[in-house]
Structures are given as structure tokens and as C-alpha cells.
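Novice: File model-v2.txt follows (compact mmCIF, C-alpha atoms):
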```txt
# COMPACT_ATOMS: atom_id res chain seq x y z
CA MET A 1 -39.15 -9.66 49.70
CA SER A 2 -36.77 -7.95 52.12
CA PHE A 3 -33.12 -8.73 51.55
CA ALA A 4 -29.68 -7.64 52.69
CA PHE A 5 -26.41 -7.31 50.80
CA VAL A 6 -23.08 -8.23 52.39
CA PHE A 7 -19.67 -7.57 50.88
CA PRO A 8 -16.58 -9.79 51.27
CA GLY A 9 -13.21 -8.62 52.44
CA GLN A 10 -9.61 -9.75 52.34
CA GLY A 11 -9.25 -13.49 51.78
CA SER A 12 -11.80 -13.77 48.95
CA GLN A 13 -9.34 -12.67 46.27
CA SER A 14 -8.12 -15.00 43.53
CA ILE A 15 -6.70 -14.73 40.03
CA GLY A 16 -9.56 -14.57 37.54
CA MET A 17 -12.15 -13.77 40.21
CA MET A 18 -13.85 -11.19 37.98
CA ASN A 19 -14.21 -13.49 34.96
CA GLY A 20 -17.81 -14.18 35.89
CA TYR A 21 -18.73 -10.50 35.57
CA SER A 22 -17.21 -9.94 32.13
CA ASP A 23 -20.55 -10.14 30.25
CA LEU A 24 -21.17 -6.49 31.12
CA PRO A 25 -18.46 -3.86 30.54
CA ILE A 26 -19.36 -1.98 33.73
CA ALA A 27 -17.22 -4.31 35.84
CA LYS A 28 -14.06 -3.69 33.83
CA ASP A 29 -14.92 0.02 33.62
CA THR A 30 -14.98 0.12 37.41
CA PHE A 31 -11.50 -1.41 37.53
CA THR A 32 -10.27 1.11 34.98
CA GLU A 33 -11.65 3.93 37.12
CA ALA A 34 -9.89 2.57 40.21
CA SER A 35 -6.64 1.97 38.34
CA ASP A 36 -6.60 5.57 37.13
CA ILE A 37 -7.11 6.83 40.68
CA LEU A 38 -4.49 4.61 42.33
CA LYS A 39 -2.04 4.59 39.39
CA LYS A 40 -1.79 0.79 39.37
CA ASP A 41 -3.29 -1.72 36.91
CA LEU A 42 -5.77 -3.57 39.10
CA TRP A 43 -7.47 -5.35 36.18
CA ASN A 44 -4.20 -6.89 35.01
CA LEU A 45 -3.45 -7.94 38.58
CA VAL A 46 -6.80 -9.67 39.02
CA ILE A 47 -6.62 -11.37 35.62
CA ASN A 48 -2.95 -12.39 35.57
CA GLY A 49 -1.69 -12.16 39.15
CA PRO A 50 0.79 -13.34 40.28
CA ASP A 51 -0.65 -14.72 43.53
CA GLU A 52 2.06 -13.21 45.70
CA LEU A 53 1.23 -9.70 44.46
CA LEU A 54 -2.50 -10.34 44.70
CA ALA A 55 -2.07 -11.41 48.33
CA GLN A 56 -0.15 -8.32 49.43
CA THR A 57 -2.37 -6.29 51.73
CA VAL A 58 -1.63 -3.04 49.91
CA ASN A 59 -2.98 -4.62 46.72
CA THR A 60 -5.71 -6.86 48.12
CA GLN A 61 -7.63 -4.18 49.96
CA PRO A 62 -8.20 -1.72 47.09
CA LEU A 63 -8.68 -4.70 44.79
CA MET A 64 -11.49 -6.21 46.88
CA LEU A 65 -13.13 -2.81 47.32
CA THR A 66 -13.12 -2.37 43.55
CA ALA A 67 -14.43 -5.90 42.98
CA GLY A 68 -17.35 -5.35 45.37
CA VAL A 69 -18.30 -2.02 43.81
CA ALA A 70 -17.99 -3.53 40.32
CA ALA A 71 -20.28 -6.39 41.31
CA TYR A 72 -22.88 -4.06 42.81
CA ARG A 73 -22.83 -1.81 39.74
CA THR A 74 -23.38 -4.91 37.62
CA TRP A 75 -26.37 -5.84 39.78
CA LEU A 76 -27.94 -2.41 39.30
CA ALA A 77 -27.20 -2.43 35.56
CA LEU A 78 -29.08 -5.72 35.26
CA GLY A 79 -32.11 -4.16 36.91
CA GLY A 80 -31.56 -5.36 40.46
CA SER A 81 -33.16 -3.34 43.24
CA LYS A 82 -31.36 -1.81 46.20
CA PRO A 83 -31.16 -3.87 49.41
CA GLN A 84 -32.95 -2.90 52.61
CA VAL A 85 -29.79 -3.15 54.72
CA ILE A 86 -26.06 -3.63 54.05
CA ALA A 87 -22.93 -4.81 55.82
CA GLY A 88 -19.39 -5.72 54.89
CA HIS A 89 -16.97 -8.20 56.41
CA SER A 90 -13.88 -6.34 57.61
CA LEU A 91 -12.60 -4.46 54.53
CA GLY A 92 -16.01 -5.12 52.94
CA GLU A 93 -17.46 -2.48 55.26
CA PHE A 94 -15.83 0.14 53.01
CA THR A 95 -17.58 -1.38 49.99
CA ALA A 96 -20.83 -1.12 51.92
CA LEU A 97 -20.12 2.56 52.61
CA VAL A 98 -19.74 3.21 48.87
CA VAL A 99 -22.93 1.28 48.10
CA GLY A 100 -24.73 3.22 50.81
CA GLU A 101 -23.49 6.48 49.26
CA ALA A 102 -21.77 7.48 52.49
CA ILE A 103 -18.45 7.94 50.70
CA SER A 104 -17.44 8.32 47.07
CA PHE A 105 -15.70 5.45 45.33
CA LYS A 106 -12.63 7.64 44.79
CA ASP A 107 -12.36 8.62 48.45
CA ALA A 108 -12.96 5.02 49.56
CA LEU A 109 -10.06 3.89 47.38
CA ILE A 110 -7.78 6.52 48.91
CA VAL A 111 -8.84 5.59 52.45
CA THR A 112 -8.46 1.89 51.74
CA GLN A 113 -4.96 2.38 50.34
CA VAL A 114 -3.90 4.29 53.47
CA ARG A 115 -5.55 1.65 55.66
CA ALA A 116 -3.69 -1.15 53.91
CA GLU A 117 -0.33 0.63 54.10
CA ALA A 118 -0.82 1.44 57.78
CA MET A 119 -1.70 -2.18 58.56
CA GLN A 120 1.27 -3.51 56.61
CA ASP A 121 3.66 -1.06 58.28
CA ALA A 122 2.32 -1.66 61.78
CA VAL A 123 3.54 -5.24 62.06
CA PRO A 124 6.63 -6.36 60.12
CA THR A 125 6.22 -9.37 57.86
CA GLY A 126 6.75 -12.58 59.81
CA VAL A 127 5.91 -11.07 63.20
CA GLY A 128 2.14 -11.44 63.16
CA GLY A 129 -0.36 -13.99 61.93
CA MET A 130 -3.89 -15.34 61.99
CA ALA A 131 -5.44 -18.78 62.40
CA ALA A 132 -8.89 -20.28 61.96
CA ILE A 133 -10.23 -22.41 64.79
CA LEU A 134 -13.19 -24.62 63.95
CA GLY A 135 -15.48 -26.73 66.09
CA VAL A 136 -15.25 -25.17 69.56
CA ASP A 137 -17.38 -22.67 71.49
CA ASP A 138 -16.39 -19.02 71.83
CA THR A 139 -15.58 -19.55 75.51
CA VAL A 140 -13.03 -22.19 74.52
CA ILE A 141 -11.52 -19.73 72.04
CA ASN A 142 -10.88 -17.35 74.92
CA ASP A 143 -9.26 -20.17 76.92
CA ILE A 144 -7.03 -21.04 73.95
CA CYS A 145 -5.88 -17.42 73.59
CA LEU A 146 -5.12 -17.12 77.30
CA ALA A 147 -3.19 -20.37 77.33
CA ALA A 148 -1.17 -19.62 74.19
CA LYS A 149 -0.40 -15.91 74.39
CA GLU A 150 2.28 -15.97 77.15
CA ASP A 151 4.00 -12.57 76.75
CA ASN A 152 2.54 -12.01 73.28
CA VAL A 153 -0.68 -10.59 71.87
CA LEU A 154 -3.31 -13.17 70.90
CA GLU A 155 -7.00 -12.32 70.54
CA PRO A 156 -10.22 -13.39 68.79
CA ALA A 157 -10.40 -11.48 65.48
CA ASN A 158 -13.43 -12.74 63.54
CA PHE A 159 -16.54 -14.39 64.96
CA ASN A 160 -17.63 -15.70 61.56
CA SER A 161 -20.22 -18.29 62.57
CA PRO A 162 -20.91 -20.58 65.53
CA GLY A 163 -17.86 -22.81 65.76
CA GLN A 164 -15.79 -20.79 63.29
CA VAL A 165 -13.55 -18.13 64.82
CA VAL A 166 -10.35 -16.54 63.56
CA ILE A 167 -7.67 -15.47 66.04
CA ALA A 168 -4.87 -12.94 65.48
CA GLY A 169 -1.67 -11.85 67.17
CA HIS A 170 2.03 -12.59 67.29
CA LYS A 171 3.09 -15.46 65.03
CA SER A 172 4.67 -17.45 67.86
CA ALA A 173 1.45 -17.25 69.88
CA ILE A 174 -0.56 -18.31 66.83
CA GLU A 175 1.64 -21.38 66.42
CA ARG A 176 1.13 -22.34 70.07
CA ALA A 177 -2.62 -21.74 69.79
CA VAL A 178 -3.00 -24.16 66.88
CA VAL A 179 -1.49 -26.94 68.97
CA ILE A 180 -3.54 -26.09 72.07
CA ALA A 181 -6.76 -25.79 70.06
CA LYS A 182 -6.42 -29.36 68.82
CA GLU A 183 -5.76 -30.51 72.38
CA LYS A 184 -8.97 -28.78 73.45
CA GLY A 185 -11.05 -30.58 70.84
CA ALA A 186 -11.06 -28.26 67.82
CA LYS A 187 -12.03 -30.04 64.61
CA ARG A 188 -9.53 -27.92 62.71
CA ALA A 189 -6.94 -25.33 63.61
CA VAL A 190 -5.05 -23.89 60.68
CA ILE A 191 -2.71 -20.94 60.22
CA LEU A 192 -3.98 -18.61 57.50
CA PRO A 193 -1.81 -17.10 54.74
CA MET A 194 -2.10 -13.59 56.18
CA SER A 195 0.94 -11.41 56.85
CA VAL A 196 -1.04 -8.82 58.81
CA PRO A 197 -2.75 -9.77 62.12
CA SER A 198 -6.02 -7.96 61.45
CA HIS A 199 -8.52 -7.00 64.14
CA CYS A 200 -6.26 -7.29 67.15
CA SER A 201 -4.53 -4.76 69.40
CA LEU A 202 -1.29 -4.93 67.39
CA LEU A 203 -3.00 -2.59 64.93
CA LYS A 204 -4.09 0.04 67.45
CA ASP A 205 -1.38 2.51 66.41
CA ALA A 206 -2.20 1.95 62.73
CA SER A 207 -5.77 3.03 63.40
CA ASP A 208 -4.55 6.59 64.07
CA LYS A 209 -3.41 6.88 60.43
CA LEU A 210 -6.82 5.66 59.30
CA SER A 211 -8.48 8.23 61.53
CA GLU A 212 -6.41 11.01 59.94
CA VAL A 213 -7.38 10.10 56.38
CA LEU A 214 -11.04 9.65 57.35
CA ASN A 215 -11.01 13.24 58.59
CA SER A 216 -9.68 14.38 55.20
CA VAL A 217 -12.52 12.97 53.05
CA ASN A 218 -16.24 13.61 52.79
CA LEU A 219 -18.38 11.18 54.77
CA SER A 220 -22.14 11.29 55.17
CA MET A 221 -24.86 9.11 56.63
CA PRO A 222 -25.61 6.14 54.36
CA VAL A 223 -28.88 6.15 52.42
CA ILE A 224 -29.21 2.41 53.18
CA PRO A 225 -28.91 1.28 56.82
CA LEU A 226 -25.38 -0.07 57.35
CA ILE A 227 -24.52 -2.51 60.14
CA HIS A 228 -21.02 -2.06 61.58
CA ASN A 229 -18.67 -4.93 62.43
CA VAL A 230 -17.67 -3.65 65.85
CA ASN A 231 -21.12 -3.39 67.42
CA ALA A 232 -23.59 -4.98 64.94
CA ARG A 233 -25.69 -1.84 64.71
CA PRO A 234 -25.96 1.24 62.49
CA SER A 235 -24.39 4.57 63.38
CA THR A 236 -26.44 7.65 64.16
CA SER A 237 -23.84 10.22 63.10
CA VAL A 238 -20.80 10.63 60.86
CA ASP A 239 -18.57 10.76 63.95
CA GLU A 240 -19.91 7.36 64.97
CA ILE A 241 -19.09 5.99 61.51
CA LYS A 242 -15.50 7.23 61.80
CA TYR A 243 -15.18 5.72 65.28
CA ALA A 244 -16.58 2.38 64.09
CA LEU A 245 -14.13 2.24 61.18
CA LYS A 246 -11.17 3.19 63.35
CA THR A 247 -11.91 0.72 66.12
CA GLN A 248 -12.68 -2.02 63.60
CA MET A 249 -8.96 -2.22 62.77
CA TYR A 250 -8.07 -3.54 66.23
CA SER A 251 -11.41 -5.02 67.35
CA PRO A 252 -13.04 -8.34 66.42
CA VAL A 253 -15.45 -8.60 63.51
CA ARG A 254 -18.74 -9.64 65.16
CA TRP A 255 -20.15 -11.19 62.01
CA VAL A 256 -22.56 -13.53 63.81
CA ASP A 257 -24.16 -10.55 65.54
CA CYS A 258 -24.23 -8.57 62.29
CA ILE A 259 -26.20 -11.28 60.49
CA LYS A 260 -28.52 -11.78 63.46
CA SER A 261 -29.24 -8.04 63.47
CA PHE A 262 -30.96 -8.46 60.08
CA ILE A 263 -33.70 -10.67 61.50
CA PRO A 264 -35.68 -7.99 63.44
CA LEU A 265 -35.62 -5.93 60.23
CA GLY A 266 -37.65 -8.59 58.42
CA ILE A 267 -34.76 -9.81 56.27
CA SER A 268 -35.20 -13.30 54.84
CA THR A 269 -32.39 -13.47 52.26
CA VAL A 270 -28.79 -12.33 52.48
CA TYR A 271 -26.93 -11.86 49.19
CA GLU A 272 -23.14 -11.93 49.10
CA CYS A 273 -22.18 -9.39 46.44
CA GLY A 274 -18.72 -9.91 45.04
CA PRO A 275 -16.32 -12.62 43.93
CA GLY A 276 -16.14 -15.88 45.81
CA LYS A 277 -18.51 -17.75 48.10
CA VAL A 278 -17.21 -17.01 51.57
CA LEU A 279 -20.03 -15.21 53.37
CA ALA A 280 -23.15 -16.83 51.87
CA PRO A 281 -22.55 -20.30 53.40
CA LEU A 282 -22.15 -18.72 56.85
CA VAL A 283 -25.68 -17.29 56.81
CA LYS A 284 -27.54 -20.57 57.36
CA ARG A 285 -25.06 -21.62 60.03
CA ILE A 286 -25.77 -18.41 61.93
CA ASP A 287 -29.57 -18.67 61.62
CA ALA A 288 -31.46 -21.53 59.97
CA ASP A 289 -34.35 -19.22 59.01
CA LEU A 290 -32.13 -17.10 56.77
CA THR A 291 -31.04 -17.92 53.23
CA GLY A 292 -27.59 -16.97 51.95
CA ILE A 293 -26.99 -16.66 48.20
CA ALA A 294 -23.69 -15.79 46.50
CA LEU A 295 -23.97 -13.34 43.60
CA ASN A 296 -20.49 -14.29 42.52
CA ASP A 297 -21.00 -13.88 38.77
CA TYR A 298 -23.19 -12.35 36.08
CA ALA A 299 -25.22 -15.56 35.65
CA ALA A 300 -26.14 -15.77 39.34
CA MET A 301 -27.23 -12.13 39.34
CA LYS A 302 -29.34 -12.48 36.20
CA GLN A 303 -30.99 -15.66 37.47
CA THR A 304 -31.81 -13.98 40.80
CA ILE A 305 -33.25 -10.86 39.15
CA ASP A 306 -35.24 -12.82 36.56
CA GLY A 307 -36.63 -15.07 39.31
CA ALA A 308 -37.88 -12.07 41.27
CA GLN A 309 -39.89 -10.70 38.35
```
Taking this structure as input, can you express it in the form of C-alpha cells?
Specialist:
Amino acid sequence: MSFAFVFPGQGSQSIGMMNGYSDLPIAKDTFTEASDILKKDLWNLVINGPDELLAQTVNTQPLMLTAGVAAYRTWLALGGSKPQVIAGHSLGEFTALVVGEAISFKDALIVTQVRAEAMQDAVPTGVGGMAAILGVDDTVINDICLAAKEDNVLEPANFNSPGQVVIAGHKSAIERAVVIAKEKGAKRAVILPMSVPSHCSLLKDASDKLSEVLNSVNLSMPVIPLIHNVNARPSTSVDEIKYALKTQMYSPVRWVDCIKSFIPLGISTVYECGPGKVLAPLVKRIDADLTGIALNDYAAMKQTIDGAQ
């Protein structure tokens, strides 16, 4: 059976999210490794919080990278086989790079920390925001952004599934967009608890700092084909990988296209590897012939591996 692994990004974090992986010490060992590198106690943060610290971008990004790597290491330790193709949603693309052996875990943590700090510094708290718009076509999303932006920045940020798009930009424009979206027939339009307006042009300057740190670490071509968010295709060189990661900061996540790109590769099942169940439910909405399964704890992994034998 051909299968893909996808890795969640910011927004999937929660206190206690690694409890389901505690039956194998490798998960906690991975957190210890990351904590030693970054000089902050990530395991204590994920077990005890508090929520406001967990939600800070500078904490969430290295935390979710570590959680994804810990989950994948657990999968391998249980005897799971490597996927045929990988992708990560937003920050999750860095987890995919580690899994694909394109970057070391240590270097990925360093890059992710710089990325998070650059994003947080680029837009002061309270200036930017994000909102989820559900139940309208992508063309309507564009109309909403045009109608609400006025003199501000407001752009589509995540094309997560048909009828589920996240927009990002200035907070005032986001607030106007939520009202306009409901007027245009959206089933739901809700402002998300995100202080940083990810994947919009407000982060273009921040991407230069990411580019600098990417040039300071060792990157190589992944040993597993990796589909990028910005163009829903794999890179053919290390320079292309760097460009994809840089532009991802201020470009929309084309998740629908990423999942659809699996189909010509013969993929039938897409496993979400990491805490939470955010990406797996989107798979069937994107294509009815695909199956999405969340490997969000030890039990789910063991059941999946035992069932394949």
C-alpha cells in the first residue's frame, strides 16, 4: 500500500498533546534533545502550559517541530515503514524536511526558532490577525479580501480544503472581512487566536531573516519526495528548497493542491503524524478517493502497524 505522511503546524498545539505518545520513551527523549539545544524546557511547557506561553509563536513553532519529529520516531520505533511521499502544513514543512533527512533535527530547531522570532517581530502584537472563512468558493474569498482590505493588507493564507480558507492581514481588515463574509453567504467566519498574520505579504521582510539562517545550515535533497506548500510540487535542487521555504512565509499554503498531488503518485492513504486531528479530516474533503488517518497517539500507530502486517 502506498501512503503519504503529513505533519501539522501551528494551531495543533495543546497542553498534554504528547500524553498519547508516552508509552515509548523516545518521544520524551526527543523533547529532551530539543530542550537541550534551545535551552528551554519544552516538555514541561507541553505538559503543564500555561496556554498563553504555549500559544506564543516563538514557543509554538519549535514545540510543534519537536512533537512531529517525536511522533515520527515513535512510528519507526514501533516498526512502521517510511512513507512514499511527505508534506507539512506551514511550519510542518520543516518537520517533513527532518523526516526526509534534508536537514538535521538540531539545525531545523535553530531555523525554526529564527523563523518564529522573525515572524513575531515583523508585525507587532495586535496589528495583524487571521480568520477562517467556511462555506464559500475561493473566488468569493478573493472578493471578500478586496472588499474588506481598504488601505490595509488582506490576503488568502491557507487553502485548507474546498470551502475552508484562512485569510491573513491587518487586524482591522480581518474584522471587516468577517462581517462581509457572512453577508456573502459564508457558513462561518471566525477570527483565529493568532497574533502573527502568517502567509501574507506583511511577512515579506521577515523572510529575509529566514533566508539568512537557511544559508548558514546544511541542507540536502530529501530522501523521500517532499511536496512544498507554495507550489504543490517537489524541488529539484537545494536552492529551490530554500526559495520554497522563504516564499512560504508570505505566500498562501496551497494544501488542497498538495494533497491532490499525491494522487498521480498512487497514494491511497494519508497519515497525519503528530498531535491533534487537524489535517486527517481534510483529506476526504479534498478527494473522496483518499483516506485520511490521524496517528495522534501510540495506540493509533500500533493499531495501524499491526493491521498492515
Novice: Compare A:Asn158, A:Asn296, A:Ser216, A:Ser211 by their minimum atom-to-atom distance to Cys273 of chain A, counting only C-alpha atoms, and give me the closest one.
Specialist: A:Asn296
Novice: For Asp287 of chain A, which residue out of A:Asn152, A:Thr236, A:Ser161, A:Ser81 is the nearest one, using all atoms listed in the file?
Specialist: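 So, comparing all the options, the nearest one is A:Ser161.
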Novice: Select, from A:Gly185, A:Pro25, A:Pro62, A:Gly80, the residue with the minimum atom-to-atom distance to Leu42 of chain A, counting all atoms listed in the file.
Specialist: A:Pro62
Novice: Box in all listed atoms of segment 203-222 of chain A, axis-aligned, with 5 Å more on each side; write out centre and edge lengths in Å to one decimal as lines of an AutoDock Vina configuration file.
Specialist:
```
center_x = -13.5
center_y = 5.9
center_z = 60.1
size_x = 34.2
size_y = 27.0
size_z = 24.7
```
Novice: Restricting the calculation to all atoms listed in the file, which member of A:Lys171, A:Arg73, A:Arg115, A:His228 is positioned closest to Ile26 of chain A?
Specialist: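 Closest residue, counting all atoms listed in the file: A:Arg73.
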Novice: Restricting the calculation to all atoms listed in the file, which member of A:Asn215, A:Ile263, A:Asn229, A:Ala181 is positioned closest to Lys242 of chain A?
Specialist: A:Asn215
Novice: Quick check, in Å to one decimal: how far apart do atom CA of Thr291 of chain A and atom CA of Ser268 of chain A lie?
Specialist: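 It comes out at 6.4 Å.
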Novice: Mind checking which residues fall within 6 Å of Tyr271 of chain A, counting all atoms listed in the file, ignoring those fewer than 3 positions away in the same chain, and posting them as a VMD selection string?
Specialist: chain A and resid 5 292 to 294
